[in-house]
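Q: Below you will find the structure I want to go over with you.
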Amino acid sequence: MTTIVNLATWLSSLPTDPQDKALLNMDPILATTTLRQDTVYALTGNMLGDGSLRQKVKNGEPRGNVLFEMTKGPNAFEQVTETYNTYYKELSRTGFRETTFLSSIHKKIITQYHIFTRALPALTCLHRLWYIWNPDLGKYIKVVPKDIHLMFSPLSLAHWIMDDGYYTDKTLILCTDNFSKDDCIRLQALLAQYSILTGLIVQKGKYRIRVYQGSLSTVIDLVRPHLHKDFMYKLGILSSNTPLFGQYKIL
């Protein structure tokens with residue numbers, strides 16, 4: 001697999017905050033850190049969905065390196081296993097974890113799967129692109145990196161859909177509720193680079209991205225090699241011998 005060699009130097013070349021550039025260039029550990037390219041692509045999709053980069057903070061100052069974590073629901077065991085083994089295993093010591101709890105809403109036992117990595121300098125670099133500090137809230141807020149196109153591929157889109165996509169009205173909705181309107185517009189521009197045309201819908205003051213029906217086949221062509229079979233339903237696809245989509249057909 002190809003790697004982003006000297007990840008910090010690459011990040012320092014991006015049009016980000018000058019202070020961050022200085023910090024990256026001064027830190028000899030960050031300046032030698034690397035991640036596999038496909039791991040970066042998968043992580044980008046997961047960060048647009050269920051993933052987060054956790055930074056410890058003390059007295060408003062970051063402490064130590066950053067780890068990646070993600071939680072998935074009870075129907076995702078096979079997909080979590082595949083994702084962990086393919087992209088995150090080499091970054092972790094403990095493997096992914098299974099937890100159960102009694103849901104007061106559903107009145108039944110719920111199983112969840114959690115992926116954790118080690119705290120790593122490479123993830124500290126990426127945290128600086130994905131988060132801004134909000135002094136009023138006293139915490140980091142996730143944002144869409146201005147240069148996300150450099151970390152995005154069809155693999156990213158597939159993981160984004162598996163995390164936060166759903167099929168309705170014969171098209172795909174991407175749940176971007178936790179991002180600002182400007183961030184969602186940036187993501188629309190990103191998708192347009194792949195000839196995916198979209199609109200914004202608003203629900204309770206939150207924004208979601210709706211793929212135009214005419215672009216759904218483009219999405220399917222892009223993500224089909226990367227989408228786990230258990231999540232094809234998020235594109236309205238059922239198992240079939242229909243030649244249009246190989247072994248799948250659209251609802």
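The way I read the labels, and the way they are meant: chains A, B, ... in the order of the structure tokens, residue 1 as the first residue of every chain, and ligand 1 as the first ligand shown, with later ones counted on from there.
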So that I can check the secondary structure, give me every residue of range 16-241 of chain A assigned strand (DSSP E or B) by backbone DSSP, as a PyMOL selection string.

A: chain A and resi 35-36+51-58+61-72+97-103+108-116+120+131-134+139-142+165-168+171-174+198-203+206-211+237-239

Q: List every residue of range 169-250 of chain A that has an atom at most 9 Å from any atom of range 143-157 of chain A, giving for each one its closest atom pair and the distance in Å to one decimal, counting only C-alpha atoms, sorted by chain and then by ascending residue number, as a tab-separated table.

A:
residue	atom	partner	partner_atom	distance
A:Asn178	CA	A:Val143	CA	8.6
A:Phe179	CA	A:Val143	CA	6.4
A:Ser180	CA	A:Val143	CA	7.8
A:Asp183	CA	A:Val144	CA	5.6
A:Cys184	CA	A:Val144	CA	8.2
A:Arg186	CA	A:Val144	CA	7.7
A:Leu187	CA	A:Val144	CA	7.8
A:Leu190	CA	A:His149	CA	6.5
A:Leu191	CA	A:Leu157	CA	8.9
A:Gln193	CA	A:His149	CA	8.9
A:Tyr194	CA	A:Pro154	CA	8.7
A:Val219	CA	A:Leu157	CA	8.5
A:Leu222	CA	A:Pro154	CA	5.6
A:Val223	CA	A:Pro154	CA	5.6
A:Pro225	CA	A:Leu155	CA	8.4
A:His226	CA	A:Leu155	CA	5.9
A:Leu227	CA	A:Leu155	CA	8.2

Q: Record the distance separating CA of Ile220 in chain A and CA of Ala189 in chain A, expressed in Å with one decimal.

A: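 Going from CA of Ile220 in chain A over to CA of Ala189 in chain A covers 18.5 Å.
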
Q: Mind pulling up the distance from CA of Lys142 in chain A to CA of Cys175 in chain A?

A: 14.4 Å

Q: Please run DSSP on the backbone and report, as a PyMOL selection string, all residues within range 130-251 of chain A that come out as alpha helix (DSSP H).

A: chain A and resi 130+154-164+181-192+216-223

Q: Quote the spacing between CA of Leu126 in chain A and CA of Ala158 in chain A in Å to one decimal place.

A: 20.1 Å

Q: I want to know what sits within 12 Å of Asp38 in chain A, based on only C-alpha atoms, with residues of the same chain fewer than 2 positions away left out; could you give that as a ChimeraX atom specification?

A: /A:1-4,34-36,40-45,83,86-88,151-156,159,226

Q: Include N, CA and C atoms and write out the residues we just selected as a tab-separated table (two decimals), in the first residue's frame.

A:
chain	number	residue	atom	x	y	z
A	1	MET	N	0.83	-1.18	0.00
A	1	MET	CA	0.00	0.00	0.00
A	1	MET	C	0.89	1.26	0.00
A	2	THR	N	0.39	2.31	-0.66
A	2	THR	CA	1.12	3.57	-0.63
A	2	THR	C	0.92	4.23	0.73
A	3	THR	N	1.86	5.07	1.11
A	3	THR	CA	1.75	5.77	2.37
A	3	THR	C	1.87	7.27	2.15
A	4	ILE	N	1.32	8.03	3.10
A	4	ILE	CA	1.63	9.45	3.15
A	4	ILE	C	2.93	9.55	3.93
A	34	THR	N	3.72	8.54	9.82
A	34	THR	CA	3.09	8.15	8.57
A	34	THR	C	1.81	7.37	8.84
A	35	LEU	N	0.93	7.37	7.86
A	35	LEU	CA	-0.26	6.52	7.84
A	35	LEU	C	-0.40	5.96	6.43
A	36	ARG	N	-0.94	4.75	6.31
A	36	ARG	CA	-1.23	4.22	4.98
A	36	ARG	C	-2.29	5.07	4.31
A	40	VAL	N	-6.06	6.49	5.66
A	40	VAL	CA	-6.49	7.89	5.67
A	40	VAL	C	-7.83	8.04	4.97
A	41	TYR	N	-8.01	7.38	3.82
A	41	TYR	CA	-9.28	7.47	3.09
A	41	TYR	C	-10.43	6.89	3.91
A	42	ALA	N	-10.21	5.72	4.51
A	42	ALA	CA	-11.27	5.12	5.33
A	42	ALA	C	-11.58	6.00	6.53
A	43	LEU	N	-10.54	6.52	7.17
A	43	LEU	CA	-10.74	7.37	8.33
A	43	LEU	C	-11.52	8.63	7.97
A	44	THR	N	-11.25	9.19	6.80
A	44	THR	CA	-11.99	10.37	6.36
A	44	THR	C	-13.48	10.07	6.28
A	45	GLY	N	-13.84	8.94	5.67
A	45	GLY	CA	-15.25	8.57	5.61
A	45	GLY	C	-15.85	8.36	6.98
A	83	THR	N	-13.59	-3.71	8.70
A	83	THR	CA	-13.00	-2.38	8.76
A	83	THR	C	-11.81	-2.35	9.71
A	86	THR	N	-8.80	-4.40	8.29
A	86	THR	CA	-8.21	-3.83	7.07
A	86	THR	C	-7.50	-2.51	7.32
A	87	TYR	N	-8.07	-1.65	8.17
A	87	TYR	CA	-7.56	-0.28	8.27
A	87	TYR	C	-7.01	0.11	9.64
A	88	TYR	N	-7.54	-0.46	10.72
A	88	TYR	CA	-7.20	0.06	12.04
A	88	TYR	C	-6.42	-0.90	12.94
A	151	MET	N	-7.85	14.10	1.11
A	151	MET	CA	-7.96	12.92	1.97
A	151	MET	C	-9.17	12.07	1.61
A	152	PHE	N	-9.80	12.35	0.49
A	152	PHE	CA	-11.09	11.74	0.15
A	152	PHE	C	-10.98	10.94	-1.14
A	153	SER	N	-11.71	9.81	-1.18
A	153	SER	CA	-11.76	8.96	-2.37
A	153	SER	C	-13.09	8.21	-2.35
A	154	PRO	N	-13.40	7.41	-3.38
A	154	PRO	CA	-14.60	6.57	-3.31
A	154	PRO	C	-14.64	5.67	-2.08
A	155	LEU	N	-13.47	5.24	-1.59
A	155	LEU	CA	-13.42	4.46	-0.35
A	155	LEU	C	-13.97	5.28	0.81
A	156	SER	N	-13.62	6.55	0.87
A	156	SER	CA	-14.15	7.44	1.90
A	156	SER	C	-15.66	7.54	1.81
A	159	HIS	N	-17.45	4.47	3.22
A	159	HIS	CA	-17.49	4.43	4.69
A	159	HIS	C	-18.44	5.50	5.24
A	226	HIS	N	-16.27	-1.05	-2.54
A	226	HIS	CA	-15.84	-0.81	-1.16
A	226	HIS	C	-16.96	-0.99	-0.13

Q: Mind checking which residues fall within 10 Å of Gly64 in chain A, counting only C-alpha atoms, ignoring those fewer than 6 positions away in the same chain, and posting them as a ChimeraX atom specification?

A: /A:55-57,119-121,124

Q: Pull N, CA and C atoms from the residues just selected and write them as a PDB file, in the first residue's frame.

A:
ATOM      1  N   GLN A  55      -8.935  14.113  21.789  1.00  0.00           N
ATOM      2  CA  GLN A  55      -7.790  14.829  22.334  1.00  0.00           C
ATOM      3  C   GLN A  55      -8.039  15.126  23.806  1.00  0.00           C
ATOM      4  N   LYS A  56      -7.132  14.696  24.678  1.00  0.00           N
ATOM      5  CA  LYS A  56      -7.254  15.056  26.090  1.00  0.00           C
ATOM      6  C   LYS A  56      -6.924  16.528  26.270  1.00  0.00           C
ATOM      7  N   VAL A  57      -7.695  17.192  27.129  1.00  0.00           N
ATOM      8  CA  VAL A  57      -7.509  18.617  27.374  1.00  0.00           C
ATOM      9  C   VAL A  57      -7.436  18.857  28.873  1.00  0.00           C
ATOM     10  N   ALA A 119      -3.127   6.200  20.944  1.00  0.00           N
ATOM     11  CA  ALA A 119      -2.887   7.630  20.744  1.00  0.00           C
ATOM     12  C   ALA A 119      -1.598   7.789  19.949  1.00  0.00           C
ATOM     13  N   LEU A 120      -1.693   8.431  18.780  1.00  0.00           N
ATOM     14  CA  LEU A 120      -0.574   8.449  17.838  1.00  0.00           C
ATOM     15  C   LEU A 120      -0.293   9.856  17.320  1.00  0.00           C
ATOM     16  N   PRO A 121       0.974  10.177  17.054  1.00  0.00           N
ATOM     17  CA  PRO A 121       1.306  11.490  16.494  1.00  0.00           C
ATOM     18  C   PRO A 121       0.593  11.764  15.164  1.00  0.00           C
ATOM     19  N   THR A 124      -2.741  13.013  15.830  1.00  0.00           N
ATOM     20  CA  THR A 124      -2.651  14.379  16.350  1.00  0.00           C
ATOM     21  C   THR A 124      -2.592  15.376  15.199  1.00  0.00           C
TER      22      THR A 124
END

Q: List the neighbours of Leu174 in chain A out to 7 Å using only C-alpha atoms; skip same-chain residues closer than 2 positions along the sequence, and give me the result as a VMD selection string.

A: chain A and resid 161 164 to 166 172 176 208 to 210
